[in-house]
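Undergrad: Sharing model.cif below, mmCIF, C-alpha atoms:
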```
data_run
loop_
_atom_site.label_atom_id
_atom_site.label_comp_id
_atom_site.auth_asym_id
_atom_site.auth_seq_id
_atom_site.Cartn_x
_atom_site.Cartn_y
_atom_site.Cartn_z
CA MET A 1 -181.12 -117.90 5.41
CA ASN A 2 -184.39 -119.80 4.99
CA ARG A 3 -187.09 -117.26 5.92
CA SER A 4 -189.94 -119.75 5.67
CA ALA A 5 -188.20 -122.18 8.00
CA LEU A 6 -187.90 -119.54 10.70
CA GLN A 7 -191.53 -118.51 10.27
CA ASP A 8 -192.67 -122.15 10.46
CA ASN A 9 -190.74 -122.72 13.66
CA CYS A 10 -191.86 -119.55 15.41
CA ILE A 11 -195.54 -119.25 14.55
CA VAL A 12 -198.24 -119.79 17.18
CA ALA A 13 -200.07 -123.00 16.29
CA ALA A 14 -203.79 -122.45 15.66
CA LYS A 15 -204.95 -125.57 17.52
CA SER A 16 -202.48 -125.88 20.35
CA TYR A 17 -201.83 -122.16 20.94
CA ALA A 18 -198.23 -123.07 21.74
CA LEU A 19 -194.88 -122.50 20.11
CA ARG A 20 -193.63 -125.37 18.02
CA MET A 21 -190.26 -124.57 19.49
CA ASP A 22 -190.27 -124.54 23.24
CA PHE A 23 -189.48 -120.89 24.03
CA ASP A 24 -190.48 -119.80 27.50
CA GLU A 25 -191.29 -116.29 28.62
CA ARG A 26 -187.90 -115.73 30.24
CA GLN A 27 -186.15 -116.43 26.95
CA LEU A 28 -188.44 -114.10 25.03
CA ARG A 29 -187.94 -111.34 27.61
CA ALA A 30 -184.20 -111.82 27.41
CA PHE A 31 -184.24 -111.61 23.62
CA LEU A 32 -186.40 -108.47 23.61
CA ALA A 33 -184.34 -106.75 26.30
CA ILE A 34 -181.14 -107.18 24.30
CA ALA A 35 -182.87 -106.12 21.07
CA ASP A 36 -184.21 -102.96 22.74
CA THR A 37 -181.04 -101.95 24.59
CA GLY A 38 -178.33 -103.20 22.23
CA SER A 39 -176.24 -104.23 25.21
CA LEU A 40 -175.98 -107.37 27.32
CA GLY A 41 -175.21 -105.32 30.42
CA ARG A 42 -178.14 -102.93 30.04
CA ALA A 43 -180.47 -105.79 29.13
CA ALA A 44 -179.40 -107.73 32.24
CA ARG A 45 -180.46 -104.77 34.39
CA VAL A 46 -183.82 -104.53 32.60
CA VAL A 47 -184.72 -108.20 33.22
CA ASN A 48 -182.94 -108.39 36.59
CA LEU A 49 -180.59 -111.23 35.64
CA THR A 50 -176.85 -111.65 35.63
CA GLN A 51 -175.14 -111.27 32.27
CA PRO A 52 -174.10 -114.97 32.14
CA SER A 53 -177.69 -116.07 32.83
CA LEU A 54 -179.02 -113.72 30.17
CA SER A 55 -176.45 -114.91 27.67
CA ARG A 56 -177.36 -118.56 28.31
CA LEU A 57 -181.05 -117.88 27.69
CA VAL A 58 -180.32 -116.32 24.31
CA GLN A 59 -177.85 -119.04 23.38
CA THR A 60 -180.54 -121.65 24.10
CA MET A 61 -182.92 -119.84 21.75
CA GLU A 62 -180.24 -119.65 19.07
CA ALA A 63 -179.48 -123.36 19.41
CA ARG A 64 -183.14 -124.28 18.99
CA LEU A 65 -183.56 -122.01 15.99
CA GLY A 66 -180.29 -122.98 14.39
CA HIS A 67 -179.47 -119.31 13.74
CA ARG A 68 -177.63 -116.54 15.54
CA LEU A 69 -180.06 -113.88 16.72
CA PHE A 70 -177.43 -111.22 17.41
CA GLU A 71 -174.19 -110.01 15.92
CA ARG A 72 -171.73 -109.48 18.77
CA GLY A 73 -169.32 -106.58 18.37
CA GLY A 74 -167.24 -104.09 20.27
CA LYS A 75 -170.09 -101.57 20.22
CA GLY A 76 -172.71 -103.93 21.60
CA MET A 77 -175.16 -106.43 20.18
CA ALA A 78 -177.16 -105.85 17.00
CA LEU A 79 -179.92 -108.01 15.58
CA SER A 80 -178.87 -110.45 12.89
CA GLU A 81 -181.11 -111.18 9.91
CA ALA A 82 -182.67 -114.03 11.87
CA GLY A 83 -183.07 -111.79 14.91
CA THR A 84 -184.79 -109.13 12.82
CA LEU A 85 -187.28 -111.74 11.61
CA MET A 86 -187.80 -113.00 15.14
CA LEU A 87 -188.35 -109.57 16.74
CA PRO A 88 -191.98 -108.85 15.72
CA ARG A 89 -192.97 -112.43 16.50
CA ALA A 90 -191.41 -112.26 19.94
CA ARG A 91 -193.24 -109.00 20.65
CA HIS A 92 -196.48 -110.58 19.44
CA LEU A 93 -196.05 -113.59 21.70
CA MET A 94 -195.24 -111.46 24.74
CA GLY A 95 -198.24 -109.28 24.01
CA GLU A 96 -200.54 -112.28 23.76
CA MET A 97 -199.18 -113.73 27.00
CA GLN A 98 -199.84 -110.47 28.83
CA ALA A 99 -203.27 -110.10 27.23
CA ALA A 100 -204.19 -113.60 28.40
CA ARG A 101 -203.08 -112.76 31.94
CA ASP A 102 -205.08 -109.53 31.87
CA GLU A 103 -208.21 -111.28 30.59
CA LEU A 104 -207.95 -114.04 33.19
CA ALA A 105 -207.42 -111.48 35.95
CA ALA A 106 -210.53 -109.61 34.82
CA LEU A 107 -212.49 -112.89 34.65
CA GLY A 108 -211.49 -113.62 38.21
CA GLY A 109 -212.60 -110.20 39.34
CA LEU A 110 -209.10 -109.07 40.27
CA ARG A 111 -209.24 -106.03 37.93
CA ARG A 112 -205.51 -106.14 37.49
CA GLY A 113 -203.56 -105.53 34.32
CA THR A 114 -201.54 -102.89 32.54
CA VAL A 115 -202.92 -100.18 30.28
CA ARG A 116 -200.36 -99.54 27.54
CA VAL A 117 -200.97 -96.23 25.79
CA GLY A 118 -198.88 -94.03 23.52
CA ALA A 119 -199.69 -90.41 22.70
CA VAL A 120 -198.25 -87.20 21.32
CA ALA A 121 -196.91 -84.79 23.94
CA ALA A 122 -199.77 -82.30 24.15
CA VAL A 123 -202.51 -84.88 24.59
CA MET A 124 -200.40 -87.12 26.87
CA ARG A 125 -200.17 -84.29 29.38
CA THR A 126 -203.86 -83.42 29.19
CA LEU A 127 -206.43 -85.88 27.84
CA VAL A 128 -204.47 -89.08 28.49
CA ALA A 129 -203.49 -87.95 31.99
CA ASP A 130 -207.11 -87.07 32.80
CA THR A 131 -208.37 -90.39 31.44
CA ALA A 132 -205.75 -92.34 33.37
CA ALA A 133 -206.82 -90.61 36.57
CA ARG A 134 -210.46 -91.60 35.99
CA VAL A 135 -209.51 -95.21 35.24
CA LEU A 136 -207.36 -95.50 38.36
CA ALA A 137 -210.07 -93.97 40.52
CA GLU A 138 -212.45 -96.73 39.42
CA THR A 139 -209.95 -99.62 39.10
CA PRO A 140 -207.01 -98.80 41.39
CA LEU A 141 -205.27 -102.16 40.86
CA LEU A 142 -204.59 -101.38 37.21
CA SER A 143 -201.22 -99.94 36.22
CA PHE A 144 -200.20 -97.77 33.27
CA ASP A 145 -197.31 -97.95 30.82
CA LEU A 146 -197.25 -94.65 28.89
CA ILE A 147 -195.11 -93.70 25.89
CA GLU A 148 -194.84 -90.10 24.68
CA ALA A 149 -193.73 -89.90 21.05
CA VAL A 150 -194.52 -88.49 17.60
CA ASP A 151 -197.08 -90.03 15.25
CA GLY A 152 -194.60 -92.18 13.29
CA GLU A 153 -193.04 -93.64 16.43
CA LEU A 154 -196.48 -94.29 17.90
CA LEU A 155 -197.45 -96.28 14.81
CA GLU A 156 -194.36 -98.44 15.24
CA ALA A 157 -195.07 -98.91 18.95
CA LEU A 158 -198.60 -100.06 18.14
CA LEU A 159 -197.51 -102.45 15.39
CA THR A 160 -194.76 -103.97 17.55
CA ARG A 161 -197.19 -104.36 20.49
CA ARG A 162 -195.30 -102.10 22.86
CA VAL A 163 -198.67 -100.41 23.37
CA ASP A 164 -202.31 -101.40 22.77
CA LEU A 165 -203.68 -97.91 22.10
CA VAL A 166 -202.28 -94.71 20.63
CA VAL A 167 -203.60 -91.15 20.43
CA THR A 168 -202.24 -89.27 17.43
CA SER A 169 -202.73 -85.89 15.80
CA ARG A 170 -203.22 -87.43 12.34
CA PRO A 171 -204.94 -90.60 11.10
CA LEU A 172 -202.63 -93.62 11.00
CA LEU A 173 -203.11 -94.97 7.47
CA HIS A 174 -201.95 -98.55 7.89
CA ARG A 175 -203.77 -101.77 7.02
CA ASP A 176 -203.11 -103.27 10.46
CA VAL A 177 -204.44 -100.26 12.40
CA THR A 178 -207.99 -99.02 12.88
CA ALA A 179 -209.38 -95.85 14.44
CA ILE A 180 -211.60 -96.24 17.49
CA GLY A 181 -212.80 -92.68 17.24
CA LEU A 182 -212.11 -88.97 17.34
CA GLY A 183 -211.33 -87.60 20.77
CA ALA A 184 -213.74 -85.03 22.17
CA TYR A 185 -210.85 -82.68 22.73
CA SER A 186 -208.84 -80.21 20.68
CA ASP A 187 -205.94 -77.88 21.16
CA ALA A 188 -204.35 -75.13 19.10
CA PHE A 189 -200.86 -74.49 17.80
CA ALA A 190 -199.57 -70.93 18.02
CA VAL A 191 -196.35 -68.93 17.80
CA PHE A 192 -194.68 -68.16 21.12
CA GLY A 193 -191.74 -66.04 22.10
CA ALA A 194 -190.06 -64.69 25.20
CA ALA A 195 -192.14 -62.20 27.17
CA ARG A 196 -189.64 -59.47 26.21
CA HIS A 197 -189.54 -60.43 22.51
CA PRO A 198 -189.40 -57.33 20.27
CA LEU A 199 -192.08 -58.64 17.90
CA GLY A 200 -195.54 -57.38 18.76
CA GLU A 201 -198.75 -59.39 18.79
CA ASN A 202 -200.60 -59.97 15.49
CA ALA A 203 -197.39 -59.31 13.59
CA ALA A 204 -197.24 -60.16 9.91
CA LEU A 205 -196.01 -63.65 9.06
CA PRO A 206 -193.00 -62.40 7.03
CA ALA A 207 -191.87 -60.36 10.04
CA ALA A 208 -191.97 -63.44 12.26
CA LEU A 209 -190.07 -65.49 9.69
CA ALA A 210 -187.26 -62.95 9.76
CA TYR A 211 -186.34 -64.21 13.24
CA GLY A 212 -184.61 -67.47 14.08
CA TRP A 213 -186.70 -70.38 15.32
CA VAL A 214 -186.34 -73.37 17.60
CA MET A 215 -188.14 -76.39 16.13
CA PRO A 216 -188.31 -80.19 16.30
CA GLY A 217 -186.61 -82.20 13.57
CA PHE A 218 -188.16 -83.18 10.24
CA ALA A 219 -189.25 -86.54 11.66
CA PHE A 220 -191.78 -84.77 13.87
CA THR A 221 -195.28 -84.08 12.54
CA PRO A 222 -195.43 -80.40 13.68
CA ARG A 223 -192.27 -79.58 11.71
CA ALA A 224 -193.83 -80.94 8.52
CA GLN A 225 -197.05 -79.02 9.20
CA PHE A 226 -195.10 -75.83 9.83
CA GLU A 227 -193.16 -76.17 6.58
CA ASP A 228 -196.40 -76.86 4.67
CA ILE A 229 -198.06 -73.71 6.01
CA ILE A 230 -195.08 -71.55 5.08
CA ALA A 231 -195.02 -73.05 1.58
CA GLN A 232 -198.76 -72.42 1.15
CA HIS A 233 -198.08 -68.72 1.68
CA SER A 234 -195.27 -68.80 -0.92
CA LEU A 235 -192.72 -67.72 1.67
CA ALA A 236 -189.20 -68.96 2.31
CA PRO A 237 -188.82 -71.00 5.51
CA PRO A 238 -187.12 -69.23 8.42
CA ARG A 239 -183.69 -70.02 9.79
CA ILE A 240 -183.97 -72.91 12.25
CA ALA A 241 -181.33 -71.91 14.77
CA VAL A 242 -181.99 -74.81 17.15
CA GLU A 243 -183.42 -78.27 16.47
CA CYS A 244 -184.61 -80.13 19.55
CA SER A 245 -186.87 -83.08 20.35
CA SER A 246 -187.69 -81.90 23.88
CA VAL A 247 -190.65 -79.55 24.27
CA GLU A 248 -189.36 -78.18 27.57
CA ALA A 249 -185.93 -77.53 26.07
CA MET A 250 -187.50 -75.66 23.13
CA ILE A 251 -189.46 -73.48 25.52
CA ALA A 252 -186.40 -72.85 27.70
CA VAL A 253 -184.29 -71.77 24.70
CA SER A 254 -187.03 -69.51 23.36
CA ALA A 255 -187.63 -67.91 26.77
CA ARG A 256 -183.94 -66.93 26.98
CA SER A 257 -183.52 -65.59 23.45
CA ASP A 258 -185.28 -63.97 20.51
CA LEU A 259 -185.93 -67.35 18.90
CA LEU A 260 -189.57 -68.17 18.22
CA CYS A 261 -191.28 -71.53 18.66
CA TRP A 262 -194.49 -73.09 17.36
CA LEU A 263 -196.13 -75.32 19.94
CA PRO A 264 -199.52 -76.42 21.35
CA GLU A 265 -201.07 -73.81 23.63
CA PRO A 266 -201.67 -76.18 26.61
CA LEU A 267 -197.93 -76.86 26.89
CA LEU A 268 -197.20 -73.13 27.17
CA ALA A 269 -199.95 -72.28 29.66
CA PRO A 270 -197.74 -72.47 32.79
CA HIS A 271 -194.97 -70.46 31.12
CA ILE A 272 -197.42 -67.75 30.08
CA ALA A 273 -198.86 -67.74 33.60
CA ASN A 274 -195.43 -67.19 35.17
CA GLY A 275 -194.62 -64.39 32.73
CA THR A 276 -191.69 -65.96 30.85
CA MET A 277 -193.46 -66.54 27.49
CA ARG A 278 -196.26 -64.98 25.47
CA ASN A 279 -198.46 -65.88 22.52
CA LEU A 280 -197.59 -63.69 19.52
CA ALA A 281 -200.96 -64.45 17.90
CA ILE A 282 -199.84 -64.71 14.28
CA PRO A 283 -203.08 -65.68 12.46
CA GLU A 284 -201.53 -67.78 9.69
CA LEU A 285 -199.85 -70.05 12.23
CA ALA A 286 -202.81 -70.42 14.60
CA ILE A 287 -204.34 -73.83 13.83
CA ASP A 288 -206.63 -76.19 15.70
CA ARG A 289 -205.84 -79.89 16.13
CA ARG A 290 -208.01 -82.91 16.86
CA PHE A 291 -206.80 -86.26 18.16
CA ILE A 292 -207.61 -89.82 17.12
CA LEU A 293 -207.59 -92.96 19.27
CA HIS A 294 -206.28 -96.05 17.42
CA ARG A 295 -205.83 -99.77 18.10
CA ARG A 296 -204.54 -102.75 16.15
CA ARG A 297 -207.10 -104.08 13.69
CA SER A 298 -206.65 -107.74 14.63
CA GLY A 299 -206.61 -109.46 17.98
CA VAL A 300 -208.52 -108.97 21.21
CA LEU A 301 -208.11 -105.66 22.99
CA PRO A 302 -206.99 -106.44 26.56
CA GLU A 303 -209.51 -105.73 29.27
CA ALA A 304 -207.21 -103.14 30.83
CA ALA A 305 -207.10 -101.24 27.52
CA ARG A 306 -210.88 -101.51 27.25
CA GLN A 307 -211.18 -99.77 30.59
CA PHE A 308 -209.17 -96.87 29.18
CA VAL A 309 -211.34 -96.70 26.04
CA GLN A 310 -214.51 -96.64 28.13
CA HIS A 311 -213.26 -93.57 30.01
CA PHE A 312 -211.69 -91.81 27.02
CA PRO A 313 -213.96 -88.98 25.80
CA LEU A 314 -214.88 -89.67 22.18
CA GLN A 315 -217.12 -87.83 19.76
CA GLY A 316 -220.15 -90.02 19.11
CA GLU A 317 -220.65 -93.53 20.46
CA MET A 318 -217.96 -95.51 18.58
CA ARG A 319 -216.18 -97.74 21.10
CA ALA A 320 -213.74 -100.66 20.94
#
```
What do you get writing this file as structure tokens?

TA:
Amino acid sequence: MNRSALQDNCIVAAKSYALRMDFDERQLRAFLAIADTGSLGRAARVVNLTQPSLSRLVQTMEARLGHRLFERGGKGMALSEAGTLMLPRARHLMGEMQAARDELAALGGLRRGTVRVGAVAAVMRTLVADTAARVLAETPLLSFDLIEAVDGELLEALLTRRVDLVVTSRPLLHRDVTAIGLGAYSDAFAVFGAARHPLGENAALPAALAYGWVMPGFAFTPRAQFEDIIAQHSLAPPRIAVECSSVEAMIAVSARSDLLCWLPEPLLAPHIANGTMRNLAIPELAIDRRFILHRRRSGVLPEAARQFVQHFPLQGEMRA
């Protein structure tokens, strides 16, 4: 297909700030809903339309573009090559529409808008939650759209405009992303096991590695950090008996077995308090973490997101 033709037809014009092809917001929402869910039925529920109405909206877009946006199959709907090209542009347009609404609302003194933030699990449940509470106390008409994910997924969410801000445990090294600052908050990773675990506190690292572990998959930043630490000590990695993406599931499995887990201390605090888990205090695997607030390098940060940044505790005075 002609990539340049699609780009020419879908770009936002610099002078008119309008699509050269007349896509309205309902069509863009329909397209994004199908792209995100992979199903006409699920997408119809997301946008609160009937399936025939949703299908007509997408067909109108396809007719104007002259390309099919989706491949229809028995297992659902997948983006075509044209649809894949259209996806980031549709997200960009929807983001700009919402940003314009937020800015106009702020200009009119309505203080409405949506704060879209992504963060890793530990900081989402602590620093982000605390900041959201402060923002809502001052501007109660704002709403929040929060995404909890790992660093790589947060980068994608930021680039595709699903969120306007992300808080990660490592710097996001991407040309389209910039750091606002280092959060004035830290936590610590440690080894945890069931309260009745036979391994004593301050045990040697090789002794801990002799047990099975429950860990997140390789796509998750903590798993890579864990493997790096073990390699730095010239030790063989332990047997990963259970791989799981859910923090609560990892804790539940560890609490009911002799499997060990390596997680941020704040997430284990309630489980230690109720006597089901304990910190095994293995020095080599006790590390501190800091968190970084990022935004997209280009574009105007929506006023709602600015409210979050103003309340987010940063080291120093760097602000968006």

Undergrad: Around the point (-211.0, -96.9, 30.3) in the file's coordinates, collect all residues with an atom within 12 Å, using all atoms listed in the file, and return them as JSON, numbers by chain.

TA: {"A": [114, 115, 116, 117, 128, 129, 130, 131, 132, 133, 134, 135, 136, 137, 138, 139, 140, 142, 143, 144, 165, 301, 302, 303, 304, 305, 306, 307, 308, 309, 310, 311, 312, 313, 314, 319, 320]}

Undergrad: Using the chain letters and numbers from the file, give me the residues hit by the PyMOL selection byres ((chain A and resi 83) around 9), as a ChimeraX atom specification.

TA: /A:31,35,67-70,78-82,84-87

Undergrad: Provide the atom CA of A:Ser246 to atom CA of A:Gly212 distance in Å, to one decimal place.

TA: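 Computing the Euclidean distance for atom CA of A:Ser246 and atom CA of A:Gly212 yields 17.7 Å.
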
Undergrad: Using only C-alpha atoms - which residues lie no farther than 12 Å from the point (-185.1, -73.2, 25.4) in the file's frame? Write them as an MDAnalysis selection string.

TA: chainID A and resid 192:194 213:216 241:261 271 276:277

Undergrad: With all atoms listed in the file as the atoms that count, which of A:Leu285, A:Ala30, A:Ala43, A:Ala236 lies nearest to A:Arg56?

TA: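 When distances to A:Arg56 are compared using all atoms listed in the file, the smallest one comes from A:Ala30.
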
Undergrad: Which is closest to A:Gln27 among A:Ser39, A:Gln51, A:Gln59, A:Ser186, if we use all atoms listed in the file?

TA: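 Closest candidate: A:Gln59.
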
Undergrad: How far is it from atom CA of A:Val191 to atom CA of A:Leu267, in Å with one decimal?

TA: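 Answer for the atom CA of A:Val191 to atom CA of A:Leu267 separation: 12.2 Å.
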
Undergrad: Provide the atom CA of A:Glu156 to atom CA of A:Gly76 distance in Å, to one decimal place.

TA: 23.2 Å

Undergrad: Would you kindly return, as an MDAnalysis selection string, each protein, DNA or RNA residue with an atom no farther than 6 Å from any atom of A:Thr168, considering all atoms listed in the file and excluding same-chain residues fewer than 2 positions away?

TA: chainID A and resid 119:120 151 170 291:292

Undergrad: As a check of understanding, name the residues that the PyMOL selection byres ((chain A and resi 153) around 12) selects in the supplied structure, as a ChimeraX atom specification.

TA: /A:118-120,147-152,154-160,162-163,166-168,172,219-221

Undergrad: For A:Ala33, which of A:Asp187, A:Ile272, A:Ser55, A:Leu209 is the closest residue, counting all atoms listed in the file?

TA: A:Ser55

Undergrad: Where does the PyMOL selection byres ((chain A and resi 200-204) around 9) land in this file, that is, which residues does it pick, as a list in words?

TA: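 Selection result, ordered by chain and number: His197, Pro198, Leu199, Leu205, Pro206, Ala207, Ala208, Leu209, Asn279, Leu280, Ala281, Ile282, Pro283 and Glu284 of chain A.
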
Undergrad: Take the residues from that selection and put them in a file with C-alpha atoms, as a PDB file, in the frame of the given file.

TA:
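Heads up, here's the output in selection38.pdb:
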```pdb
ATOM      1  CA  HIS A 197    -189.540 -60.430  22.510  1.00  0.00           C
ATOM      2  CA  PRO A 198    -189.400 -57.330  20.270  1.00  0.00           C
ATOM      3  CA  LEU A 199    -192.080 -58.640  17.900  1.00  0.00           C
ATOM      4  CA  LEU A 205    -196.010 -63.650   9.060  1.00  0.00           C
ATOM      5  CA  PRO A 206    -193.000 -62.400   7.030  1.00  0.00           C
ATOM      6  CA  ALA A 207    -191.870 -60.360  10.040  1.00  0.00           C
ATOM      7  CA  ALA A 208    -191.970 -63.440  12.260  1.00  0.00           C
ATOM      8  CA  LEU A 209    -190.070 -65.490   9.690  1.00  0.00           C
ATOM      9  CA  ASN A 279    -198.460 -65.880  22.520  1.00  0.00           C
ATOM     10  CA  LEU A 280    -197.590 -63.690  19.520  1.00  0.00           C
ATOM     11  CA  ALA A 281    -200.960 -64.450  17.900  1.00  0.00           C
ATOM     12  CA  ILE A 282    -199.840 -64.710  14.280  1.00  0.00           C
ATOM     13  CA  PRO A 283    -203.080 -65.680  12.460  1.00  0.00           C
ATOM     14  CA  GLU A 284    -201.530 -67.780   9.690  1.00  0.00           C
TER      15      GLU A 284
END
```
